[in-house]
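Text of the file data16.txt, holding compact mmCIF, C-alpha atoms:
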# COMPACT_ATOMS: atom_id res chain seq x y z
CA MET A 1 37.23 51.34 50.88
CA ASN A 2 34.09 53.28 51.64
CA GLY A 3 31.08 51.93 49.83
CA VAL A 4 27.57 53.09 49.00
CA ASP A 5 24.73 51.47 50.90
CA VAL A 6 21.43 50.48 49.31
CA GLU A 7 19.41 53.32 50.85
CA THR A 8 21.87 55.94 49.57
CA LEU A 9 21.86 54.57 46.02
CA ARG A 10 18.08 54.18 46.13
CA THR A 11 17.72 57.82 47.18
CA TRP A 12 20.06 59.01 44.42
CA LEU A 13 18.16 57.10 41.76
CA GLN A 14 14.77 58.23 43.10
CA ALA A 15 15.94 61.86 42.98
CA GLY A 16 17.54 61.53 39.54
CA SER A 17 20.99 62.42 40.88
CA PRO A 18 23.94 62.16 38.47
CA VAL A 19 25.19 58.64 39.17
CA THR A 20 26.22 55.78 36.91
CA VAL A 21 25.64 52.23 38.12
CA LEU A 22 28.16 49.79 36.62
CA ASP A 23 27.16 46.13 36.70
CA ILE A 24 30.29 43.97 36.39
CA ARG A 25 28.58 40.57 36.69
CA ALA A 26 28.49 37.81 34.12
CA GLU A 27 25.79 38.14 31.48
CA GLU A 28 23.81 35.18 32.81
CA ASP A 29 23.57 36.80 36.25
CA ARG A 30 22.50 40.14 34.81
CA GLN A 31 19.76 38.55 32.72
CA GLN A 32 18.11 37.24 35.88
CA TRP A 33 17.84 40.65 37.50
CA SER A 34 19.58 44.02 37.40
CA ILE A 35 19.36 47.64 38.54
CA PRO A 36 17.28 49.71 36.08
CA GLY A 37 19.40 51.99 33.93
CA SER A 38 22.69 50.36 34.89
CA LEU A 39 25.58 49.92 32.46
CA HIS A 40 27.03 46.45 32.00
CA VAL A 41 30.59 45.31 31.47
CA ASP A 42 31.13 41.55 31.84
CA ALA A 43 34.31 41.86 33.89
CA TYR A 44 33.67 39.61 36.86
CA ASP A 45 35.86 36.68 35.78
CA ASP A 46 38.73 38.97 34.73
CA LEU A 47 38.62 40.83 38.03
CA LYS A 48 38.44 37.63 40.06
CA ALA A 49 41.40 36.18 38.17
CA GLY A 50 43.39 39.39 38.60
CA ARG A 51 43.86 39.83 34.87
CA ALA A 52 45.41 43.10 33.78
CA GLY A 53 43.27 45.46 31.75
CA ALA A 54 39.92 44.67 33.34
CA LEU A 55 37.70 47.75 32.97
CA GLU A 56 40.48 49.75 31.32
CA ARG A 57 38.25 50.58 28.35
CA ALA A 58 35.11 51.35 30.32
CA GLU A 59 33.99 54.94 29.72
CA PHE A 60 31.68 57.06 31.86
CA PRO A 61 30.08 60.53 31.67
CA ASP A 62 32.35 63.24 33.05
CA ASP A 63 32.16 64.10 36.75
CA ARG A 64 29.60 61.43 37.60
CA ARG A 65 29.76 59.14 40.56
CA VAL A 66 30.15 55.51 39.58
CA VAL A 67 28.71 52.76 41.78
CA THR A 68 30.02 49.31 40.94
CA VAL A 69 27.80 46.29 41.46
CA CYS A 70 28.26 42.52 41.68
CA ASN A 71 26.26 39.80 43.41
CA LEU A 72 27.67 40.22 46.93
CA GLY A 73 29.88 43.31 46.70
CA ARG A 74 33.37 41.79 46.87
CA MET A 75 34.39 42.03 43.20
CA ALA A 76 32.59 45.38 42.99
CA ALA A 77 35.11 46.69 45.54
CA VAL A 78 37.96 45.48 43.33
CA ALA A 79 36.35 47.15 40.32
CA ALA A 80 35.89 50.43 42.19
CA GLU A 81 39.53 50.43 43.24
CA LYS A 82 40.66 49.99 39.64
CA LEU A 83 38.44 52.84 38.50
CA GLN A 84 39.71 55.08 41.30
CA ARG A 85 43.24 54.58 39.99
CA ARG A 86 42.00 56.12 36.74
CA GLY A 87 40.74 59.16 38.63
CA ILE A 88 37.10 58.11 38.52
CA ARG A 89 34.88 58.71 41.59
CA ALA A 90 33.89 55.10 42.12
CA ALA A 91 32.62 53.10 45.08
CA PRO A 92 31.05 49.64 45.41
CA LEU A 93 27.44 48.93 46.34
CA LEU A 94 27.68 47.39 49.80
CA GLY A 95 26.14 43.93 49.83
CA GLY A 96 25.73 43.85 46.06
CA MET A 97 22.57 42.67 44.35
CA LYS A 98 21.66 40.57 47.37
CA ALA A 99 21.28 43.74 49.45
CA TRP A 100 19.64 45.56 46.53
CA SER A 101 16.70 43.15 46.68
CA LEU A 102 15.22 45.40 49.42
CA ALA A 103 15.52 48.61 47.38
CA TRP A 104 12.26 50.31 46.45
CA ASN A 105 10.64 53.24 44.73
CA THR A 106 7.12 54.62 44.41
CA ALA A 107 4.61 55.83 41.86
CA GLN A 108 1.23 57.44 42.37
CA VAL A 109 -1.74 55.77 40.69
CA PRO A 110 -4.60 57.96 39.41
CA ALA A 111 -7.66 57.52 41.64
CA ARG A 112 -11.02 59.14 42.36
CA ASN A 113 -13.32 59.58 45.38
CA ASN A 114 -10.71 61.49 47.42
CA THR A 115 -8.56 58.34 47.42
CA MET A 116 -4.77 58.27 47.13
CA VAL A 117 -3.08 55.15 45.78
CA LEU A 118 0.68 54.80 46.10
CA GLN A 119 2.32 51.88 44.31
CA VAL A 120 5.35 50.79 46.34
CA ARG A 121 7.74 48.87 44.10
CA ARG A 122 10.41 46.57 45.45
CA THR A 123 12.54 47.11 42.40
CA GLY A 124 14.97 44.21 42.73
CA LYS A 125 12.22 41.62 43.26
CA GLY A 126 9.47 43.12 41.15
CA CYS A 127 7.11 42.99 44.16
CA LEU A 128 4.35 45.60 44.05
CA SER A 129 2.50 46.64 47.20
CA TYR A 130 0.01 49.43 47.68
CA LEU A 131 -0.65 52.16 50.23
CA ILE A 132 -4.24 53.31 49.75
CA SER A 133 -5.55 56.20 51.84
CA SER A 134 -8.74 58.16 52.23
CA GLY A 135 -10.03 60.41 55.01
CA GLY A 136 -6.84 60.04 57.03
CA GLU A 137 -7.03 56.23 57.09
CA ALA A 138 -4.83 53.90 55.06
CA VAL A 139 -4.74 50.28 53.92
CA VAL A 140 -1.56 48.49 52.87
CA VAL A 141 -1.90 45.58 50.43
CA ASP A 142 0.78 42.86 50.07
CA ALA A 143 3.52 44.37 52.24
CA SER A 144 6.88 42.98 51.08
CA LEU A 145 9.20 45.61 52.57
CA PRO A 146 10.16 46.34 56.19
CA PRO A 147 7.29 47.98 58.13
CA GLU A 148 9.17 51.26 58.57
CA VAL A 149 8.93 51.87 54.81
CA TYR A 150 5.12 51.88 54.86
CA LEU A 151 4.93 53.73 58.17
CA GLY A 152 7.21 56.44 56.78
CA LEU A 153 5.20 56.74 53.58
CA ALA A 154 1.95 56.93 55.52
CA THR A 155 3.34 59.70 57.74
CA GLY A 156 4.51 61.58 54.67
CA CYS A 157 1.00 61.34 53.22
CA GLY A 158 -0.61 62.50 56.46
CA THR A 159 -2.46 59.25 57.03
CA SER A 160 -2.45 56.35 59.50
CA ILE A 161 -2.39 52.66 58.60
CA ARG A 162 -5.61 51.04 59.89
CA HIS A 163 -5.74 47.82 57.87
CA VAL A 164 -3.15 45.51 56.29
CA ILE A 165 -4.16 42.97 53.64
CA ASP A 166 -2.47 40.07 51.86
CA THR A 167 -4.05 38.85 48.62
CA HIS A 168 -2.79 35.29 49.26
CA VAL A 169 -0.05 33.31 51.01
CA HIS A 170 3.06 34.35 49.10
CA ALA A 171 5.76 31.95 47.89
CA ASP A 172 8.45 34.23 46.47
CA HIS A 173 8.94 36.70 49.32
CA LEU A 174 8.42 36.89 53.05
CA SER A 175 5.23 38.74 53.89
CA ARG A 176 5.74 41.71 56.22
CA SER A 177 1.98 42.21 56.61
CA ARG A 178 1.55 40.60 60.01
CA LEU A 179 4.49 42.50 61.50
CA LEU A 180 3.32 45.77 59.94
CA ALA A 181 -0.16 45.29 61.38
CA GLN A 182 1.29 44.61 64.84
CA ILE A 183 3.53 47.69 64.80
CA ALA A 184 0.86 49.98 63.32
CA GLY A 185 -1.88 48.66 65.59
CA ALA A 186 -3.84 47.82 62.44
CA THR A 187 -6.27 45.04 61.58
CA LEU A 188 -4.71 42.16 59.62
CA LEU A 189 -6.98 40.85 56.87
CA LEU A 190 -6.40 37.72 54.80
CA PRO A 191 -8.59 35.74 52.42
CA ALA A 192 -10.71 33.20 54.27
CA GLN A 193 -8.62 29.98 54.48
CA ASP A 194 -7.11 27.54 56.95
CA ARG A 195 -3.48 27.64 55.78
CA VAL A 196 -1.99 30.13 58.24
CA GLY A 197 -1.45 29.45 61.92
CA PHE A 198 -1.99 32.92 63.38
CA PRO A 199 -5.05 35.13 64.06
CA PHE A 200 -6.44 37.29 61.27
CA THR A 201 -9.71 38.79 60.09
CA ALA A 202 -11.06 36.77 57.17
CA MET A 203 -12.24 38.38 53.94
CA SER A 204 -14.78 36.36 51.97
CA ASP A 205 -16.00 36.81 48.41
CA GLY A 206 -18.04 40.00 48.10
CA GLN A 207 -17.12 41.32 51.54
CA GLU A 208 -16.42 45.06 51.71
CA LEU A 209 -13.92 47.15 53.64
CA THR A 210 -14.60 50.88 53.85
CA PHE A 211 -12.21 53.61 55.02
CA GLY A 212 -12.77 57.31 54.49
CA SER A 213 -14.68 57.56 51.21
CA ALA A 214 -12.92 54.49 49.75
CA ARG A 215 -14.25 50.97 49.42
CA LEU A 216 -12.42 47.69 48.82
CA THR A 217 -14.50 44.70 47.75
CA ALA A 218 -13.06 41.18 47.95
CA MET A 219 -13.29 39.07 44.79
CA ARG A 220 -12.28 35.46 45.32
CA THR A 221 -10.07 34.34 42.40
CA PRO A 222 -8.51 30.94 43.17
CA GLY A 223 -5.92 29.37 40.90
CA HIS A 224 -2.48 30.74 41.69
CA THR A 225 -3.33 29.62 45.21
CA MET A 226 -6.74 28.40 46.27
CA GLU A 227 -7.26 31.34 48.62
CA SER A 228 -6.13 34.02 46.13
CA THR A 229 -8.37 37.09 46.29
CA CYS A 230 -8.43 40.27 44.24
CA TYR A 231 -9.72 43.57 45.65
CA LEU A 232 -11.89 45.99 43.71
CA LEU A 233 -11.17 49.60 44.71
CA ASN A 234 -14.09 52.04 44.34
CA GLY A 235 -15.22 50.16 41.23
CA ASP A 236 -12.30 51.78 39.37
CA ALA A 237 -9.26 49.55 39.94
CA LEU A 238 -8.60 45.89 40.67
CA LEU A 239 -5.67 44.82 42.86
CA THR A 240 -4.99 41.40 41.37
CA GLY A 241 -2.17 40.05 43.54
CA ASP A 242 -0.57 37.15 41.67
CA THR A 243 -3.74 36.07 39.86
CA LEU A 244 -3.39 38.38 36.87
CA PHE A 245 -0.42 40.43 35.73
CA LEU A 246 -0.18 43.05 32.98
CA GLY A 247 0.63 40.49 30.30
CA SER A 248 0.56 37.10 31.97
CA VAL A 249 -1.13 35.04 34.68
CA GLY A 250 -0.12 33.53 38.00
CA ARG A 251 1.52 30.13 37.98
CA PRO A 252 -0.68 27.40 39.55
CA ASP A 253 2.02 24.89 40.49
CA LEU A 254 3.72 26.22 43.62
CA HIS A 255 3.16 24.06 46.68
CA ALA A 256 1.04 21.63 44.64
CA SER A 257 1.34 18.13 43.16
CA SER A 258 1.14 17.66 39.39
CA GLU A 259 -2.51 16.63 39.65
CA GLU A 260 -3.30 19.59 41.88
CA THR A 261 -1.48 21.89 39.46
CA ARG A 262 -3.75 20.83 36.59
CA GLU A 263 -6.83 21.28 38.76
CA ARG A 264 -5.66 24.70 39.90
CA ALA A 265 -4.99 25.76 36.32
CA ALA A 266 -8.60 24.89 35.46
CA VAL A 267 -9.82 26.89 38.47
CA LEU A 268 -7.60 29.79 37.42
CA TYR A 269 -9.26 29.73 33.99
CA CYS A 270 -12.65 30.26 35.66
CA SER A 271 -11.28 33.05 37.85
CA LEU A 272 -9.83 34.89 34.86
CA ARG A 273 -13.07 34.57 32.91
CA ARG A 274 -14.84 36.11 35.89
CA ILE A 275 -12.35 38.99 36.04
CA PHE A 276 -12.71 39.74 32.32
CA MET A 277 -16.45 40.13 32.77
CA LEU A 278 -15.76 43.35 34.69
CA ARG A 279 -15.88 46.64 32.83
CA PRO A 280 -12.97 47.07 30.39
CA GLU A 281 -11.98 50.53 31.71
CA LEU A 282 -11.05 49.05 35.08
CA LEU A 283 -7.41 49.65 36.03
CA VAL A 284 -5.42 46.48 36.76
CA LEU A 285 -2.90 46.86 39.61
CA PRO A 286 -0.85 43.64 39.84
CA GLY A 287 1.17 42.26 42.73
CA HIS A 288 4.32 41.62 40.71
CA VAL A 289 6.21 42.40 37.54
CA SER A 290 8.94 40.26 36.04
CA ALA A 291 11.41 43.03 35.15
CA PRO A 292 13.27 45.35 37.54
CA VAL A 293 11.18 48.44 38.28
CA ALA A 294 12.57 51.72 36.95
CA PHE A 295 12.86 54.83 39.11
CA ASP A 296 10.58 56.75 36.77
CA GLY A 297 7.50 57.44 38.89
CA ASN A 298 5.24 55.81 36.29
CA PRO A 299 2.75 53.36 37.80
CA LEU A 300 2.79 49.81 36.50
CA ALA A 301 -0.85 49.46 35.51
CA ALA A 302 -3.08 48.90 32.50
CA THR A 303 -6.77 48.83 31.74
CA LEU A 304 -8.52 45.49 31.89
CA GLN A 305 -9.16 45.83 28.17
CA GLU A 306 -5.43 46.18 27.50
CA VAL A 307 -4.60 43.19 29.69
CA GLU A 308 -7.29 41.09 28.03
CA SER A 309 -5.83 41.87 24.62
CA ARG A 310 -2.62 40.18 25.79
CA VAL A 311 -4.02 37.36 27.92
CA GLY A 312 -7.49 36.85 26.42
CA PRO A 313 -6.33 34.63 23.51
CA TRP A 314 -5.25 32.06 26.12
CA LEU A 315 -8.85 31.73 27.27
CA SER A 316 -10.39 30.27 24.11
CA SER A 317 -11.18 27.09 26.05
CA GLU A 318 -10.40 25.62 29.45
CA SER A 319 -8.40 22.71 28.02
CA ASP A 320 -6.30 24.95 25.77
CA PHE A 321 -5.65 27.31 28.67
CA VAL A 322 -4.56 24.50 30.99
CA ASP A 323 -2.25 22.99 28.36
CA LYS A 324 -0.71 26.36 27.54
CA VAL A 325 -0.10 27.28 31.18
CA LEU A 326 1.40 23.90 32.08
CA SER A 327 3.73 24.02 29.08
CA ARG A 328 5.11 27.44 30.07
CA ILE A 329 5.70 27.13 33.80
CA PRO A 330 9.14 28.63 34.62
CA PRO A 331 11.68 27.27 37.12
CA THR A 332 10.43 27.43 40.69
CA PRO A 333 11.55 30.36 42.86
CA PRO A 334 14.56 29.54 45.05
CA ASN A 335 13.67 28.58 48.63
CA TYR A 336 9.93 28.87 47.97
CA THR A 337 9.11 25.91 50.23
CA GLU A 338 10.78 27.60 53.19
CA ILE A 339 9.20 30.95 52.32
CA VAL A 340 5.74 29.37 52.24
CA ARG A 341 6.40 27.66 55.58
CA LEU A 342 7.40 30.93 57.21
CA ASN A 343 4.48 32.84 55.69
CA GLU A 344 2.03 30.21 56.89
CA ALA A 345 3.55 30.51 60.36
CA GLY A 346 3.49 34.30 60.19
CA ILE A 347 7.16 34.76 61.13
CA LEU A 348 10.15 36.30 59.46
CA SER A 349 13.32 34.30 59.05
CA GLU A 350 15.87 34.61 61.84
CA GLN A 351 18.52 34.85 59.13
CA ASP A 352 18.85 37.72 56.69
CA PRO A 353 15.59 37.64 54.66
CA THR A 354 17.51 38.43 51.49
CA ASP A 355 19.20 35.02 51.79
CA LEU A 356 15.81 33.47 51.08
CA GLU A 357 14.45 36.10 48.71
CA ALA A 358 17.42 36.73 46.42
CA GLY A 359 16.72 36.53 42.71
CA ALA A 360 14.10 37.71 40.27
CA ASN A 361 10.38 37.15 40.61
CA ARG A 362 9.06 33.92 39.07
CA CYS A 363 5.35 33.97 39.89
CA ALA A 364 4.17 34.60 36.32
CA VAL A 365 3.45 32.23 33.43
Any chance you could give the structure as structure tokens?
Amino acid sequence: MNGVDVETLRTWLQAGSPVTVLDIRAEEDRQQWSIPGSLHVDAYDDLKAGRAGALERAEFPDDRRVVTVCNLGRMAAVAAEKLQRRGIRAAPLLGGMKAWSLAWNTAQVPARNNTMVLQVRRTGKGCLSYLISSGGEAVVVDASLPPEVYLGLATGCGTSIRHVIDTHVHADHLSRSRLLAQIAGATLLLPAQDRVGFPFTAMSDGQELTFGSARLTAMRTPGHTMESTCYLLNGDALLTGDTLFLGSVGRPDLHASSEETRERAAVLYCSLRRIFMLRPELLVLPGHVSAPVAFDGNPLAATLQEVESRVGPWLSSESDFVDKVLSRIPPTPPNYTEIVRLNEAGILSEQDPTDLEAGANRCAV
């Protein structure tokens, strides 16, 4: 049976084409991550067991394509075949949700000073990266998608990638920043640290990067990792990586002992207090979100004042903050130890990266 590949479905959803995505997985799988706007019928076990009547009552809008989805694509093919027998134009998503983890969409962020900010959202993982351009030069921050995505977007915007930045050494996805910098002939910039084993240009607290009429200023904010660094754009927006999200903070426990985790939580408290001393109108642009990212073109951002209204109550005291964070740490991301090892070495996995990266984002507390 012919199926629909990830790029085709991504393009349909980005364009608002008439398509219905039918998720047939078990409820527990769907709760972890899903395709925005998809319908759900818990039919996986019935289909796998060959029970009669699976999906017989499922109803869809007239004349719409239906794309069936499971974790790997096998049961989705069975589901599509059953729907085809009912005269429905159905096809499975090739590779299932595992393949979908590389799907993406974009949203433009309001900006001044002749600066364009494109938020590039890896919808299945909740990873947010940024293409920032001014005067024909561009910077990419926290590249989590294949380099050709950013190169294509830059070409479409009439700009060239000159610098590539990571806010920290990531633990939930493989960084594509080093490879992107190599292909684009760009400068690779990382926070000053001794974790990685490859050449880079170090960014220290207060150091500035200018391109066109835009300016990025490094703001060291340890806690999630000890090298974590935010970047202030033109004094108007703050790219916070995994230090601060729109309603939560970065977890301090990954790649750390229990004692180190408590120490890092205390350091994170100080970093957040420093961030909230900035002007409240500042726009917060995080490095992740926990929910799948809709194909709606709306940037995932909020003013610092709005974020502080959600997170600020945690900061009444250092001890209360540390206790609250440590009591709410979620399960660790799958394969994070191997992902950290590869990111510190600056190499991509020889196996399919989605084998390591599958699943929802778990960097927030």
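If only C-alpha atoms are the atoms counted, then among A:Leu348, A:Asn2, A:His255, A:Asn114 the closest residue to A:Leu179 is A:Leu348.
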Got a sec to check which residues sit within 12 Å of (12.4, 28.0, 49.3), counting only C-alpha atoms, and write them as number ranges by chain?
-> A: 170-174, 254-255, 332-343, 349, 353-359
Preceding selection exported with C-alpha atoms as a short mmCIF file (atom, residue, chain, number, x, y, z; two decimals), keeping the file's coordinate frame:
data_model
loop_
_atom_site.label_atom_id
_atom_site.label_comp_id
_atom_site.auth_asym_id
_atom_site.auth_seq_id
_atom_site.Cartn_x
_atom_site.Cartn_y
_atom_site.Cartn_z
CA HIS A 170 3.06 34.35 49.10
CA ALA A 171 5.76 31.95 47.89
CA ASP A 172 8.45 34.23 46.47
CA HIS A 173 8.94 36.70 49.32
CA LEU A 174 8.42 36.89 53.05
CA LEU A 254 3.72 26.22 43.62
CA HIS A 255 3.16 24.06 46.68
CA THR A 332 10.43 27.43 40.69
CA PRO A 333 11.55 30.36 42.86
CA PRO A 334 14.56 29.54 45.05
CA ASN A 335 13.67 28.58 48.63
CA TYR A 336 9.93 28.87 47.97
CA THR A 337 9.11 25.91 50.23
CA GLU A 338 10.78 27.60 53.19
CA ILE A 339 9.20 30.95 52.32
CA VAL A 340 5.74 29.37 52.24
CA ARG A 341 6.40 27.66 55.58
CA LEU A 342 7.40 30.93 57.21
CA ASN A 343 4.48 32.84 55.69
CA SER A 349 13.32 34.30 59.05
CA PRO A 353 15.59 37.64 54.66
CA THR A 354 17.51 38.43 51.49
CA ASP A 355 19.20 35.02 51.79
CA LEU A 356 15.81 33.47 51.08
CA GLU A 357 14.45 36.10 48.71
CA ALA A 358 17.42 36.73 46.42
CA GLY A 359 16.72 36.53 42.71
#
Identify the residues around (29.7, 49.8, 40.7) within a radius of 12 Å, measuring from only C-alpha atoms in the coordinates stated by the file, and give them as a PyMOL selection string.
-> chain A and resi 3-6+9+19-25+35+38-41+43-44+55+58+60+65-84+88-97
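Nearest to A:Val109 of all the residues A:Ala54, A:Leu131, A:Val289, A:Leu209 is A:Leu131, based on all atoms listed in the file.
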Given the choices A:Gln32, A:Thr167, A:Ser271, A:Asn113, which gets closest to A:Val141 if the distance is worked out from all atoms listed in the file?
->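 Result for the nearest residue to A:Val141: A:Thr167.
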Got a sec: who's within 10 Å of A:Lys125, counting all atoms listed in the file, leaving out chain neighbours fewer than 3 positions off, as a CSV table (one decimal) with C-alpha atoms, in the frame of the given file?
chain,number,residue,atom,x,y,z
A,33,TRP,CA,17.8,40.6,37.5
A,34,SER,CA,19.6,44.0,37.4
A,100,TRP,CA,19.6,45.6,46.5
A,101,SER,CA,16.7,43.2,46.7
A,102,LEU,CA,15.2,45.4,49.4
A,103,ALA,CA,15.5,48.6,47.4
A,104,TRP,CA,12.3,50.3,46.4
A,121,ARG,CA,7.7,48.9,44.1
A,122,ARG,CA,10.4,46.6,45.4
A,128,LEU,CA,4.4,45.6,44.0
A,144,SER,CA,6.9,43.0,51.1
A,172,ASP,CA,8.4,34.2,46.5
A,173,HIS,CA,8.9,36.7,49.3
A,288,HIS,CA,4.3,41.6,40.7
A,289,VAL,CA,6.2,42.4,37.5
A,290,SER,CA,8.9,40.3,36.0
A,291,ALA,CA,11.4,43.0,35.2
A,292,PRO,CA,13.3,45.4,37.5
A,293,VAL,CA,11.2,48.4,38.3
A,357,GLU,CA,14.4,36.1,48.7
A,358,ALA,CA,17.4,36.7,46.4
A,359,GLY,CA,16.7,36.5,42.7
A,360,ALA,CA,14.1,37.7,40.3
A,361,ASN,CA,10.4,37.2,40.6
A,362,ARG,CA,9.1,33.9,39.1
With N, CA and C atoms as the goal, would you fill in the gaps in stretch 328-341 of chain A and present it as a PDB file, keeping the file's coordinate frame?
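Result written to rebuild21.pdb:
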ATOM      1  N   ARG A 328       4.282  26.231  29.967  1.00  0.00           N
ATOM      2  CA  ARG A 328       5.110  27.440  30.070  1.00  0.00           C
ATOM      3  C   ARG A 328       5.535  27.749  31.494  1.00  0.00           C
ATOM      4  N   ILE A 329       5.336  26.851  32.413  1.00  0.00           N
ATOM      5  CA  ILE A 329       5.700  27.130  33.800  1.00  0.00           C
ATOM      6  C   ILE A 329       7.217  27.275  33.924  1.00  0.00           C
ATOM      7  N   PRO A 330       7.699  28.387  34.488  1.00  0.00           N
ATOM      8  CA  PRO A 330       9.140  28.630  34.620  1.00  0.00           C
ATOM      9  C   PRO A 330       9.731  27.856  35.782  1.00  0.00           C
ATOM     10  N   PRO A 331      11.056  27.900  35.945  1.00  0.00           N
ATOM     11  CA  PRO A 331      11.680  27.270  37.120  1.00  0.00           C
ATOM     12  C   PRO A 331      11.081  27.824  38.410  1.00  0.00           C
ATOM     13  N   THR A 332      11.014  26.983  39.424  1.00  0.00           N
ATOM     14  CA  THR A 332      10.430  27.430  40.690  1.00  0.00           C
ATOM     15  C   THR A 332      11.329  28.451  41.370  1.00  0.00           C
ATOM     16  N   PRO A 333      10.733  29.376  42.136  1.00  0.00           N
ATOM     17  CA  PRO A 333      11.550  30.360  42.860  1.00  0.00           C
ATOM     18  C   PRO A 333      12.454  29.655  43.863  1.00  0.00           C
ATOM     19  N   PRO A 334      13.677  30.131  44.040  1.00  0.00           N
ATOM     20  CA  PRO A 334      14.560  29.540  45.050  1.00  0.00           C
ATOM     21  C   PRO A 334      13.938  29.637  46.438  1.00  0.00           C
ATOM     22  N   ASN A 335      14.082  28.583  47.215  1.00  0.00           N
ATOM     23  CA  ASN A 335      13.670  28.580  48.630  1.00  0.00           C
ATOM     24  C   ASN A 335      12.174  28.790  48.838  1.00  0.00           C
ATOM     25  N   TYR A 336      11.344  28.545  47.808  1.00  0.00           N
ATOM     26  CA  TYR A 336       9.930  28.870  47.970  1.00  0.00           C
ATOM     27  C   TYR A 336       9.259  28.007  49.037  1.00  0.00           C
ATOM     28  N   THR A 337       9.719  26.766  49.209  1.00  0.00           N
ATOM     29  CA  THR A 337       9.110  25.910  50.230  1.00  0.00           C
ATOM     30  C   THR A 337       9.304  26.499  51.615  1.00  0.00           C
ATOM     31  N   GLU A 338      10.508  26.995  51.896  1.00  0.00           N
ATOM     32  CA  GLU A 338      10.780  27.600  53.190  1.00  0.00           C
ATOM     33  C   GLU A 338      10.030  28.930  53.348  1.00  0.00           C
ATOM     34  N   ILE A 339       9.936  29.687  52.264  1.00  0.00           N
ATOM     35  CA  ILE A 339       9.200  30.950  52.320  1.00  0.00           C
ATOM     36  C   ILE A 339       7.734  30.703  52.627  1.00  0.00           C
ATOM     37  N   VAL A 340       7.136  29.710  51.966  1.00  0.00           N
ATOM     38  CA  VAL A 340       5.740  29.370  52.240  1.00  0.00           C
ATOM     39  C   VAL A 340       5.567  28.936  53.690  1.00  0.00           C
ATOM     40  N   ARG A 341       6.493  28.120  54.191  1.00  0.00           N
ATOM     41  CA  ARG A 341       6.400  27.660  55.580  1.00  0.00           C
ATOM     42  C   ARG A 341       6.413  28.839  56.544  1.00  0.00           C
TER      43      ARG A 341
END
